[in-house]
file model-v5.cif (mmCIF, C-alpha atoms (C1' of nucleotides))
data_data
#
loop_
_atom_site.label_atom_id
_atom_site.label_comp_id
_atom_site.auth_asym_id
_atom_site.auth_seq_id
_atom_site.Cartn_x
_atom_site.Cartn_y
_atom_site.Cartn_z
CA MET A 1 0.00 0.00 0.00
CA GLU A 2 2.67 2.46 0.94
CA ARG A 3 5.58 0.53 -0.42
CA LYS A 4 4.97 0.85 -4.11
CA THR A 5 5.15 4.31 -5.52
CA ALA A 6 6.25 4.88 -9.06
CA ASN A 7 9.99 4.80 -9.04
CA GLU A 8 10.78 2.52 -6.10
CA CYS A 9 11.29 -1.21 -5.76
CA THR A 10 12.97 -1.84 -9.02
CA ALA A 11 14.95 -5.02 -8.39
CA ASP A 12 14.44 -8.67 -9.07
CA GLN A 13 13.11 -9.37 -5.65
CA GLN A 14 10.76 -12.26 -4.98
CA LEU A 15 11.01 -12.31 -1.22
CA PRO A 16 9.59 -9.48 0.79
CA ALA A 17 12.17 -7.94 3.10
CA LEU A 18 15.41 -9.83 3.47
CA GLY A 19 13.70 -13.17 3.33
CA ILE A 20 15.39 -15.96 5.11
CA ASP A 21 17.53 -17.56 2.47
CA PRO A 22 20.42 -15.17 2.99
CA TYR A 23 20.30 -15.90 6.67
CA LEU A 24 20.37 -19.59 6.05
CA GLU A 25 23.39 -19.15 3.86
CA LEU A 26 25.14 -17.14 6.52
CA MET A 27 24.20 -19.66 9.13
CA ASP A 28 25.73 -22.43 7.13
CA LYS A 29 28.91 -20.42 6.94
CA THR A 30 29.15 -19.46 10.57
CA THR A 31 27.54 -22.05 12.79
CA ALA A 32 29.48 -25.09 13.84
CA GLN A 33 27.01 -27.06 15.96
CA ASP A 34 25.24 -29.06 13.36
CA ALA A 35 22.59 -30.31 15.71
CA ASP A 36 21.06 -26.88 16.12
CA ARG A 37 20.78 -26.00 12.51
CA LYS A 38 17.26 -27.15 12.05
CA SER A 39 16.10 -25.25 15.12
CA ILE A 40 17.85 -22.11 14.01
CA ARG A 41 16.35 -22.47 10.60
CA MET A 42 12.89 -22.75 12.08
CA GLY A 43 13.54 -19.90 14.48
CA LEU A 44 14.51 -17.75 11.53
CA VAL A 45 11.26 -18.53 9.81
CA MET A 46 9.41 -17.66 13.00
CA LEU A 47 11.20 -14.34 13.17
CA TRP A 48 10.42 -13.60 9.57
CA LEU A 49 6.80 -14.59 10.07
CA SER A 50 6.54 -12.36 13.12
CA ASP A 51 7.63 -9.31 11.21
CA ASN A 52 5.35 -10.00 8.32
CA ILE A 53 2.28 -11.02 10.27
CA LEU A 54 2.40 -7.69 12.04
CA ASP A 55 2.80 -5.99 8.69
CA VAL A 56 -0.24 -7.73 7.32
CA MET A 57 -2.31 -6.60 10.27
CA ASP A 58 -0.98 -3.04 9.93
CA VAL A 59 -2.00 -2.92 6.32
CA ASP A 60 -5.46 -4.31 7.04
CA LEU A 61 -6.09 -1.82 9.83
CA ALA A 62 -4.71 1.20 7.98
CA PRO A 63 -7.91 1.97 6.06
CA PHE A 64 -9.65 2.56 9.39
CA GLY A 65 -7.10 5.16 10.36
CA ILE A 66 -6.00 3.16 13.36
CA THR A 67 -3.00 1.12 14.39
CA GLU A 68 -2.67 -1.99 16.48
CA SER A 69 -1.46 -0.11 19.56
CA LYS A 70 -4.41 2.19 19.43
CA LEU A 71 -6.85 -0.59 18.74
CA ASP A 72 -5.39 -2.46 21.71
CA MET A 73 -6.12 0.52 23.87
CA LEU A 74 -9.69 0.83 22.64
CA LEU A 75 -10.34 -2.88 23.06
CA LEU A 76 -9.05 -2.73 26.59
CA LEU A 77 -11.35 0.17 27.37
CA MET A 78 -14.26 -1.57 25.72
CA LEU A 79 -13.69 -4.61 27.87
CA HIS A 80 -13.80 -2.38 30.90
CA GLU A 81 -17.15 -0.91 30.18
CA GLY A 82 -19.47 -1.67 33.02
CA ARG A 83 -16.61 -2.78 35.28
CA GLU A 84 -14.43 -0.82 37.66
CA LEU A 85 -13.21 2.42 36.15
CA ILE A 86 -9.77 2.24 34.64
CA THR A 87 -6.92 4.75 35.07
CA PRO A 88 -3.92 5.52 32.88
CA SER A 89 -1.62 3.74 35.31
CA ALA A 90 -3.69 0.60 35.14
CA ILE A 91 -3.75 0.86 31.36
CA ALA A 92 0.02 1.18 31.32
CA ASP A 93 0.34 -1.99 33.34
CA ARG A 94 -2.11 -3.89 31.19
CA LEU A 95 -0.54 -2.83 27.92
CA GLY A 96 2.98 -3.18 29.24
CA ILE A 97 3.98 0.36 28.38
CA ARG A 98 4.93 3.45 30.40
CA ARG A 99 2.53 5.93 31.81
CA ALA A 100 3.94 8.62 29.56
CA SER A 101 3.19 6.51 26.53
CA VAL A 102 -0.37 6.05 27.69
CA THR A 103 -0.73 9.81 27.98
CA ALA A 104 0.39 10.22 24.40
CA LEU A 105 -1.91 7.50 23.13
CA LEU A 106 -4.86 8.89 25.06
CA ASP A 107 -4.19 12.41 23.79
CA TRP A 108 -4.38 11.12 20.26
CA LEU A 109 -7.54 9.09 20.83
CA GLU A 110 -9.20 11.84 22.81
CA LYS A 111 -8.52 14.38 20.09
CA ARG A 112 -10.57 12.21 17.76
CA GLY A 113 -13.31 11.80 20.31
CA TRP A 114 -12.82 8.07 20.77
CA VAL A 115 -12.00 8.16 24.47
CA SER A 116 -12.80 10.55 27.30
CA ARG A 117 -10.93 11.43 30.46
CA GLU A 118 -12.55 12.48 33.69
CA GLN A 119 -10.91 13.37 36.94
CA SER A 120 -11.92 11.15 39.81
CA ALA A 121 -13.89 12.89 42.51
CA LYS A 122 -12.60 10.61 45.24
CA ASP A 123 -8.92 10.91 44.52
CA ARG A 124 -8.30 13.91 42.37
CA ARG A 125 -4.92 12.63 41.22
CA MET A 126 -6.68 9.92 39.30
CA ILE A 127 -8.25 10.02 35.87
CA HIS A 128 -11.00 7.73 34.74
CA VAL A 129 -10.70 6.76 31.12
CA ARG A 130 -13.65 5.60 29.06
CA ILE A 131 -14.30 4.70 25.48
CA THR A 132 -16.92 6.96 23.90
CA PRO A 133 -19.86 5.83 21.79
CA GLU A 134 -17.92 6.99 18.73
CA GLY A 135 -14.94 4.94 19.87
CA ARG A 136 -17.16 1.94 20.36
CA ALA A 137 -18.62 2.45 16.90
CA LEU A 138 -15.15 2.54 15.42
CA VAL A 139 -14.12 -0.64 17.18
CA ASN A 140 -17.25 -2.39 16.01
CA GLN A 141 -16.48 -1.29 12.53
CA VAL A 142 -12.89 -2.52 12.72
CA LEU A 143 -13.44 -5.80 14.50
CA PRO A 144 -14.75 -7.88 11.58
CA THR A 145 -11.61 -7.04 9.63
CA PHE A 146 -9.47 -7.68 12.65
CA TRP A 147 -10.96 -11.11 13.27
CA SER A 148 -10.85 -12.05 9.64
CA THR A 149 -7.22 -11.06 9.35
CA CYS A 150 -6.48 -13.17 12.39
CA ALA A 151 -8.31 -16.14 10.94
CA SER A 152 -6.77 -15.67 7.52
CA LEU A 153 -3.32 -16.35 8.93
CA LEU A 154 -4.28 -20.02 9.00
CA ASP A 155 -5.91 -20.10 5.59
CA ASP A 156 -3.52 -22.54 4.05
CA LEU A 157 -3.48 -25.10 6.83
CA ASP A 158 -5.73 -28.12 6.56
CA ALA A 159 -7.83 -29.49 9.40
CA GLU A 160 -5.20 -31.93 10.57
CA GLU A 161 -2.48 -29.32 10.61
CA ARG A 162 -4.64 -26.88 12.50
CA LYS A 163 -5.26 -29.43 15.15
CA VAL A 164 -1.57 -30.05 15.74
CA PHE A 165 -0.73 -26.40 15.36
CA GLU A 166 -3.14 -25.51 18.09
CA LYS A 167 -1.20 -27.53 20.59
CA ILE A 168 2.10 -26.18 19.35
CA LEU A 169 0.86 -22.61 19.58
CA SER A 170 -0.16 -23.04 23.15
CA LYS A 171 3.28 -24.41 24.00
CA LEU A 172 4.96 -21.55 22.20
CA TYR A 173 2.71 -19.10 23.98
CA GLN A 174 3.70 -20.43 27.36
CA SER A 175 7.31 -20.60 26.40
CA ILE A 176 7.52 -17.02 25.20
CA GLU A 177 5.39 -15.82 28.06
CA LYS A 178 8.00 -17.27 30.36
CA LYS A 179 10.85 -15.57 28.51
CA VAL A 180 9.14 -12.20 28.32
CA GLY A 181 7.90 -12.42 31.87
CA VAL A 182 11.36 -13.00 33.31
CA GLY A 183 12.51 -10.07 35.36
CA ARG A 184 9.18 -8.39 35.91
CA MET B 185 15.34 -4.82 30.51
CA GLU B 186 14.02 -1.34 29.97
CA ARG B 187 10.57 -2.06 31.20
CA LYS B 188 11.19 -2.38 34.88
CA THR B 189 12.44 0.70 36.58
CA ALA B 190 11.62 1.39 40.16
CA ASN B 191 8.17 2.85 40.24
CA GLU B 192 6.56 1.38 37.15
CA CYS B 193 4.60 -1.78 36.48
CA THR B 194 2.78 -2.02 39.74
CA ALA B 195 -0.29 -4.08 38.91
CA ASP B 196 -1.22 -7.71 39.30
CA GLN B 197 -0.31 -8.55 35.79
CA GLN B 198 0.70 -12.03 34.77
CA LEU B 199 0.51 -11.60 31.06
CA PRO B 200 2.94 -9.40 29.24
CA ALA B 201 1.21 -6.76 27.14
CA LEU B 202 -2.49 -7.17 26.71
CA GLY B 203 -2.28 -10.90 26.52
CA ILE B 204 -4.90 -12.63 24.52
CA ASP B 205 -7.54 -13.47 27.09
CA PRO B 206 -9.22 -10.08 26.83
CA TYR B 207 -9.34 -10.47 23.09
CA LEU B 208 -10.89 -13.88 23.40
CA GLU B 209 -13.52 -12.45 25.69
CA LEU B 210 -14.28 -9.68 23.25
CA MET B 211 -14.40 -12.11 20.40
CA ASP B 212 -16.94 -14.23 22.19
CA LYS B 213 -19.05 -11.14 22.61
CA THR B 214 -18.82 -9.84 19.09
CA THR B 215 -18.37 -12.63 16.61
CA ALA B 216 -21.30 -14.56 15.32
CA GLN B 217 -19.80 -17.13 12.97
CA ASP B 218 -19.04 -19.92 15.36
CA ALA B 219 -17.07 -21.88 12.83
CA ASP B 220 -14.27 -19.35 12.70
CA ARG B 221 -13.72 -18.97 16.39
CA LYS B 222 -10.95 -21.48 16.65
CA SER B 223 -9.09 -19.93 13.75
CA ILE B 224 -9.46 -16.48 15.17
CA ARG B 225 -8.28 -17.71 18.50
CA MET B 226 -5.19 -19.20 16.93
CA GLY B 227 -4.61 -16.11 14.83
CA LEU B 228 -4.70 -14.04 17.98
CA VAL B 229 -2.07 -16.22 19.55
CA MET B 230 0.04 -15.87 16.42
CA LEU B 231 -0.28 -12.12 16.59
CA TRP B 232 0.67 -12.09 20.23
CA LEU B 233 3.60 -14.39 19.57
CA SER B 234 4.77 -12.16 16.72
CA ASP B 235 4.95 -9.14 18.94
CA ASN B 236 6.72 -10.94 21.70
CA ILE B 237 9.15 -12.92 19.61
CA LEU B 238 10.42 -9.67 18.15
CA ASP B 239 10.66 -8.26 21.65
CA VAL B 240 12.72 -11.20 22.81
CA MET B 241 15.13 -10.72 19.93
CA ASP B 242 15.33 -6.98 20.63
CA VAL B 243 16.22 -7.61 24.21
CA ASP B 244 18.86 -10.17 23.31
CA LEU B 245 20.48 -7.89 20.74
CA ALA B 246 20.37 -4.77 22.89
CA PRO B 247 23.59 -5.51 24.81
CA PHE B 248 25.48 -5.37 21.52
CA GLY B 249 24.19 -1.89 20.83
CA ILE B 250 22.46 -3.00 17.68
CA THR B 251 18.91 -3.57 16.52
CA GLU B 252 17.42 -6.10 14.17
CA SER B 253 17.11 -3.64 11.30
CA LYS B 254 20.73 -2.72 11.57
CA LEU B 255 21.85 -6.29 11.97
CA ASP B 256 19.83 -7.15 8.88
CA MET B 257 21.73 -4.55 6.96
CA LEU B 258 25.10 -5.78 8.17
CA LEU B 259 24.24 -9.40 7.42
CA LEU B 260 23.18 -8.45 3.94
CA LEU B 261 26.46 -6.65 3.37
CA MET B 262 28.39 -9.53 4.81
CA LEU B 263 26.69 -11.90 2.40
CA HIS B 264 27.77 -9.65 -0.43
CA GLU B 265 31.41 -9.69 0.36
CA GLY B 266 33.28 -11.10 -2.58
CA ARG B 267 30.28 -10.75 -4.88
CA GLU B 268 29.11 -7.88 -7.05
CA LEU B 269 29.23 -4.58 -5.23
CA ILE B 270 25.98 -3.51 -3.68
CA THR B 271 24.37 -0.06 -3.83
CA PRO B 272 21.90 1.66 -1.53
CA SER B 273 19.11 1.16 -4.06
CA ALA B 274 19.75 -2.55 -4.20
CA ILE B 275 19.85 -2.65 -0.41
CA ALA B 276 16.52 -0.86 -0.28
CA ASP B 277 15.00 -3.45 -2.56
CA ARG B 278 16.46 -6.34 -0.63
CA LEU B 279 15.36 -5.03 2.75
CA GLY B 280 12.02 -3.84 1.46
CA ILE B 281 12.50 -0.26 2.64
CA ARG B 282 12.90 3.09 0.90
CA ARG B 283 16.13 4.52 -0.32
CA ALA B 284 15.85 7.36 2.16
CA SER B 285 15.63 4.87 5.00
CA VAL B 286 18.73 3.13 3.74
CA THR B 287 20.56 6.44 3.76
CA ALA B 288 19.62 6.96 7.39
CA LEU B 289 20.63 3.45 8.39
CA LEU B 290 23.93 3.70 6.53
CA ASP B 291 24.69 7.07 8.11
CA TRP B 292 24.27 5.51 11.51
CA LEU B 293 26.37 2.46 10.73
CA GLU B 294 29.02 4.47 8.96
CA LYS B 295 29.37 6.83 11.90
CA ARG B 296 30.33 3.83 14.01
CA GLY B 297 32.74 2.57 11.37
CA TRP B 298 30.82 -0.59 10.59
CA VAL B 299 30.18 0.15 6.93
CA SER B 300 31.90 2.23 4.30
CA ARG B 301 30.62 4.06 1.24
CA GLU B 302 32.55 4.64 -1.93
CA GLN B 303 31.47 6.38 -5.09
CA SER B 304 31.55 4.18 -8.15
CA ALA B 305 34.08 5.24 -10.77
CA LYS B 306 32.03 3.89 -13.64
CA ASP B 307 28.75 5.54 -12.82
CA ARG B 308 29.35 8.37 -10.43
CA ARG B 309 25.73 8.41 -9.31
CA MET B 310 26.24 5.09 -7.62
CA ILE B 311 27.67 4.30 -4.23
CA HIS B 312 29.28 1.02 -3.33
CA VAL B 313 28.56 -0.06 0.20
CA ARG B 314 30.76 -2.45 2.11
CA ILE B 315 30.91 -3.85 5.60
CA THR B 316 34.19 -2.95 7.31
CA PRO B 317 36.40 -5.36 9.28
CA GLU B 318 35.01 -3.79 12.46
CA GLY B 319 31.50 -4.38 11.21
CA ARG B 320 32.34 -7.96 10.42
CA ALA B 321 33.81 -8.37 13.86
CA LEU B 322 30.64 -7.04 15.41
CA VAL B 323 28.46 -9.37 13.40
CA ASN B 324 30.61 -12.32 14.36
CA GLN B 325 30.27 -11.33 17.95
CA VAL B 326 26.49 -11.00 17.71
CA LEU B 327 25.73 -14.05 15.63
CA PRO B 328 26.05 -16.73 18.32
CA THR B 329 23.46 -14.89 20.38
CA PHE B 330 21.31 -14.35 17.35
CA TRP B 331 21.34 -18.01 16.40
CA SER B 332 20.77 -19.17 19.91
CA THR B 333 17.82 -16.83 20.36
CA CYS B 334 16.38 -18.19 17.13
CA ALA B 335 16.83 -21.75 18.28
CA SER B 336 15.53 -21.03 21.75
CA LEU B 337 12.13 -20.14 20.36
CA LEU B 338 11.55 -23.86 19.91
CA ASP B 339 12.95 -24.91 23.26
CA ASP B 340 9.74 -26.32 24.62
CA LEU B 341 8.75 -28.38 21.61
CA ASP B 342 9.61 -32.05 21.56
CA ALA B 343 11.04 -33.88 18.56
CA GLU B 344 7.70 -34.97 17.22
CA GLU B 345 6.24 -31.49 17.48
CA ARG B 346 9.21 -29.93 15.78
CA LYS B 347 8.82 -32.24 12.89
CA VAL B 348 5.21 -31.29 12.32
CA PHE B 349 5.89 -27.67 13.05
CA GLU B 350 8.52 -27.57 10.36
CA LYS B 351 5.97 -28.39 7.74
CA ILE B 352 3.46 -25.96 9.15
CA LEU B 353 6.03 -23.19 9.24
CA SER B 354 6.85 -23.66 5.62
CA LYS B 355 3.18 -23.44 4.72
CA LEU B 356 2.75 -20.32 6.80
CA TYR B 357 5.81 -18.83 5.21
CA GLN B 358 4.44 -19.34 1.75
CA SER B 359 1.04 -18.13 2.76
CA ILE B 360 2.25 -14.89 4.30
CA GLU B 361 4.74 -14.39 1.51
CA LYS B 362 1.82 -14.45 -0.87
CA LYS B 363 -0.16 -11.95 1.20
CA VAL B 364 2.74 -9.57 1.66
CA GLY B 365 3.83 -9.95 -1.91
CA VAL B 366 0.47 -8.94 -3.36
CA GLY B 367 0.69 -5.65 -5.15
CA ARG B 368 4.41 -5.44 -5.61
"C1'" DC C 369 1.50 19.93 59.37
"C1'" DC C 370 5.02 18.06 56.70
"C1'" DA C 371 7.58 14.39 54.28
"C1'" DA C 372 6.94 10.70 51.29
"C1'" DA C 373 4.32 8.33 47.93
"C1'" DT C 374 1.32 8.26 43.94
"C1'" DA C 375 -1.01 9.81 39.48
"C1'" DG C 376 -0.62 12.05 35.56
"C1'" DT C 377 1.71 15.14 32.39
"C1'" DT C 378 5.48 17.46 30.00
"C1'" DA C 379 9.83 17.74 27.78
"C1'" DG C 380 13.01 15.74 25.13
"C1'" DA C 381 15.09 11.73 22.98
"C1'" DT C 382 15.42 7.45 19.95
"C1'" DT C 383 14.30 4.10 16.28
"C1'" DA C 384 12.40 3.09 12.10
"C1'" DT C 385 9.88 4.28 8.88
"C1'" DC C 386 7.61 7.28 5.20
"C1'" DT C 387 6.93 11.02 1.17
"C1'" DA C 388 8.42 14.74 -1.54
"C1'" DA C 389 11.69 17.52 -3.26
"C1'" DC C 390 16.34 18.21 -4.61
"C1'" DT C 391 21.23 17.38 -6.75
"C1'" DA C 392 24.17 15.01 -9.50
"C1'" DT C 393 24.94 12.26 -13.27
"C1'" DG C 394 24.14 9.48 -17.20
"C1'" DA C 395 21.53 8.15 -21.48
"C1'" DC C 396 18.69 8.73 -25.35
"C1'" DT C 397 16.81 11.22 -28.98
"C1'" DA C 398 15.75 14.85 -32.30
"C1'" DT D 399 25.28 18.18 -29.71
"C1'" DA D 400 21.60 20.11 -26.85
"C1'" DG D 401 17.67 19.00 -24.47
"C1'" DT D 402 14.92 16.03 -22.06
"C1'" DC D 403 14.24 12.21 -19.26
"C1'" DA D 404 15.58 8.72 -16.00
"C1'" DT D 405 18.28 7.10 -12.19
"C1'" DA D 406 21.04 7.28 -7.67
"C1'" DG D 407 21.49 9.17 -3.60
"C1'" DT D 408 20.55 12.64 -0.17
"C1'" DT D 409 17.97 16.08 2.45
"C1'" DA D 410 14.07 17.89 4.74
"C1'" DG D 411 10.32 17.13 7.29
"C1'" DA D 412 6.74 14.04 9.06
"C1'" DT D 413 4.69 10.17 11.87
"C1'" DA D 414 4.24 6.29 15.24
"C1'" DA D 415 5.52 4.18 19.26
"C1'" DT D 416 8.26 3.99 22.48
"C1'" DC D 417 11.51 5.50 26.36
"C1'" DT D 418 13.57 8.32 30.67
"C1'" DA D 419 13.63 12.11 33.72
"C1'" DA D 420 11.72 15.81 35.70
"C1'" DC D 421 7.71 18.21 37.12
"C1'" DT D 422 2.82 19.24 39.30
"C1'" DA D 423 -0.98 18.00 41.91
"C1'" DT D 424 -2.80 15.47 45.46
"C1'" DT D 425 -3.14 12.20 49.09
"C1'" DT D 426 -1.48 9.69 53.06
"C1'" DG D 427 0.73 8.61 57.19
"C1'" DG D 428 3.25 9.94 60.76
#

call {"tool": "encode", "arguments": {"input": "model-v5.cif", "output": "structure tokens"}}
result
Amino acid sequence: MERKTANECTADQQLPALGIDPYLELMDKTTAQDADRKSIRMGLVMLWLSDNILDVMDVDLAPFGITESKLDMLLLLMLHEGRELITPSAIADRLGIRRASVTALLDWLEKRGWVSREQSAKDRRMIHVRITPEGRALVNQVLPTFWSTCASLLDDLDAEERKVFEKILSKLYQSIEKKVGVGR
Amino acid sequence: MERKTANECTADQQLPALGIDPYLELMDKTTAQDADRKSIRMGLVMLWLSDNILDVMDVDLAPFGITESKLDMLLLLMLHEGRELITPSAIADRLGIRRASVTALLDWLEKRGWVSREQSAKDRRMIHVRITPEGRALVNQVLPTFWSTCASLLDDLDAEERKVFEKILSKLYQSIEKKVGVGR
DNA sequence: CCAAATAGTTAGATTATCTAACTATGACTA
DNA sequence: TAGTCATAGTTAGATAATCTAACTATTTGG
């Protein structure tokens, strides 16, 4: 969408981005431990997939004028409707980002009328953040695309593969969760 | 590494970032087509994994003072040693970014002495880019970590699972390649 | 009542991108 | 050969998503 204006991208490229073949080549040159090669190879593919899956989602969300980070924020707020009121600090914790980043994100969303801030009466240091009806409308408009992009990632797997993959995914999830969670 | 200074991250969070549970909850509320739910669910996990896999790599590369984008560039240059000389335009095509972005990246790497630029004698519009011995040394220092991080992504899968996963990965690779490649 | 903690914001920086406009330089054509 | 067009690279300026550090209210707990 953005990456193809007139005079760019001229070469004989079949792979998007670096692709993994060059890496494989380099690996063959530099790694000694033969046993690991297959794992490394697969890890490389996972890394490449990660980059490109996020790209695909970016591209699919772009027409709605929203990004994943911002959608995340709105979804979180939507989930909180009718529950305890949520504050920027709590949002920061839930999204795993700093309070200052939440401020920036909220400023942006508020400017468009998709969220509202209100100072708490009880503790006037605190701000209650809510998604607005317009914000909710936007989310509802985006969600079908979001879900279908998610689902489309598995388009080419058959029933059998999906079944196995499900198990694998849950292992990977736990495994990465462990890695990322270390040191919190 | 960066995300845990003194007074931040105070809440009762077990999942890094938003996690997927909230998404699942929202999905159950909003999606009608029951058939797709499992796919969406798995797609969500893939999306979450993508984010976090890249994070893990970021964190592991950080101590070397380099990022994935920059390492990509150096690896590409390293692969080109002893072949035809490579130009910024060609690099842009290979990395899937704009020429202007390549300029910025090269400026940064050149400032640290890891790459060098030289005007072509034949066609004085062109620049030949090379990795320097220092750059090569850096890459060689980083690579063991890079490979081991790649391999570690599969740590928790057993032999059987790896075997199946290998096939699945190659399907996913092709599938996403197709999606990303559309419109080039 | 005052010191310490907490909540949110501001200021300023970084990384990785992008587009658009510009500067050389080379190539083709009338 | 002059004139136009294309190509290579850079510059300028923007955006998104972060970060840290410092600041301002406000509350809480002696």

call {"tool": "interface_residues", "arguments": {"input": "model-v5.cif", "of": "chain A", "to": "chain D", "cutoff": "10 Å", "atoms": "only C-alpha atoms (C1' of nucleotides)", "output": "MDAnalysis selection string"}}
result
chainID A and resid 7 67 69 97:98 100:101 104:105 123:126

call {"tool": "resolve_selection", "arguments": {"input": "model-v5.cif", "expression": "the PyMOL selection byres ((chain B and resi 336-339) around 8)", "output": "list in words"}}
result
Ser39, Gly43, Leu172, Ser175 and Ile176 of chain A; Ile237, Ser332, Thr333, Cys334, Ala335, Asp340, Leu341 and Arg346 of chain B

call {"tool": "interface_residues", "arguments": {"input": "model-v5.cif", "of": "chain C", "to": "chain B", "cutoff": "7 Å", "atoms": "only C-alpha atoms (C1' of nucleotides)", "output": "PyMOL selection string"}}
result
chain C and resi 385+392-393

call {"tool": "interface_residues", "arguments": {"input": "model-v5.cif", "of": "chain A", "to": "chain B", "cutoff": "6 Å", "atoms": "only C-alpha atoms", "output": "list of chain:residue names"}}
result
A:Cys9, A:Ala17, A:Leu18, A:Ser39, A:Ile40, A:Gly43, A:Leu44, A:Ser50, A:Asp93, A:Arg94, A:Leu95, A:Gly96, A:Trp147, A:Cys150, A:Ala151

call {"tool": "write_last_selection", "arguments": {"input": "model-v5.cif", "atoms": "C-alpha atoms", "output": "mmCIF file, in the frame of the given file"}}
result
data_model
loop_
_atom_site.group_PDB
_atom_site.id
_atom_site.type_symbol
_atom_site.label_atom_id
_atom_site.label_comp_id
_atom_site.auth_asym_id
_atom_site.auth_seq_id
_atom_site.Cartn_x
_atom_site.Cartn_y
_atom_site.Cartn_z
ATOM 1 C CA CYS A 9 11.290 -1.210 -5.760
ATOM 2 C CA ALA A 17 12.170 -7.940 3.100
ATOM 3 C CA LEU A 18 15.410 -9.830 3.470
ATOM 4 C CA SER A 39 16.100 -25.250 15.120
ATOM 5 C CA ILE A 40 17.850 -22.110 14.010
ATOM 6 C CA GLY A 43 13.540 -19.900 14.480
ATOM 7 C CA LEU A 44 14.510 -17.750 11.530
ATOM 8 C CA SER A 50 6.540 -12.360 13.120
ATOM 9 C CA ASP A 93 0.340 -1.990 33.340
ATOM 10 C CA ARG A 94 -2.110 -3.890 31.190
ATOM 11 C CA LEU A 95 -0.540 -2.830 27.920
ATOM 12 C CA GLY A 96 2.980 -3.180 29.240
ATOM 13 C CA TRP A 147 -10.960 -11.110 13.270
ATOM 14 C CA CYS A 150 -6.480 -13.170 12.390
ATOM 15 C CA ALA A 151 -8.310 -16.140 10.940
#

call {"tool": "closest_residue", "arguments": {"input": "model-v5.cif", "among": "B:Ile250, B:Val326, B:Ile315, B:Leu245", "to": "Gly266 (chain B)", "atoms": "all atoms listed in the file"}}
result
B:Ile315

call {"tool": "resolve_selection", "arguments": {"input": "model-v5.cif", "expression": "the PyMOL selection byres ((chain C and resi 377) around 8)", "output": "list in words"}}
result
Ala100 and Thr103 of chain A; DG376 and DT378 of chain C

call {"tool": "atom_distance", "arguments": {"input": "model-v5.cif", "atom1": "CA of Ile86 (chain A)", "atom2": "CA of Thr132 (chain A)"}}
result
13.7 Å

call {"tool": "residues_around", "arguments": {"input": "model-v5.cif", "residues": "Leu106 (chain A)", "least_positions_apart": "6", "cutoff": "10 Å", "atoms": "all atoms listed in the file", "output": "mmCIF file with C-alpha atoms, in the coordinates of the input"}}
result
data_model
loop_
_atom_site.group_PDB
_atom_site.id
_atom_site.type_symbol
_atom_site.label_atom_id
_atom_site.label_comp_id
_atom_site.auth_asym_id
_atom_site.auth_seq_id
_atom_site.Cartn_x
_atom_site.Cartn_y
_atom_site.Cartn_z
ATOM 1 C CA LYS A 70 -4.410 2.190 19.430
ATOM 2 C CA MET A 73 -6.120 0.520 23.870
ATOM 3 C CA LEU A 74 -9.690 0.830 22.640
ATOM 4 C CA PRO A 88 -3.920 5.520 32.880
ATOM 5 C CA ALA A 100 3.940 8.620 29.560
ATOM 6 C CA ARG A 112 -10.570 12.210 17.760
ATOM 7 C CA TRP A 114 -12.820 8.070 20.770
ATOM 8 C CA VAL A 115 -12.000 8.160 24.470
ATOM 9 C CA SER A 116 -12.800 10.550 27.300
ATOM 10 C CA ARG A 117 -10.930 11.430 30.460
ATOM 11 C CA VAL A 129 -10.700 6.760 31.120
#
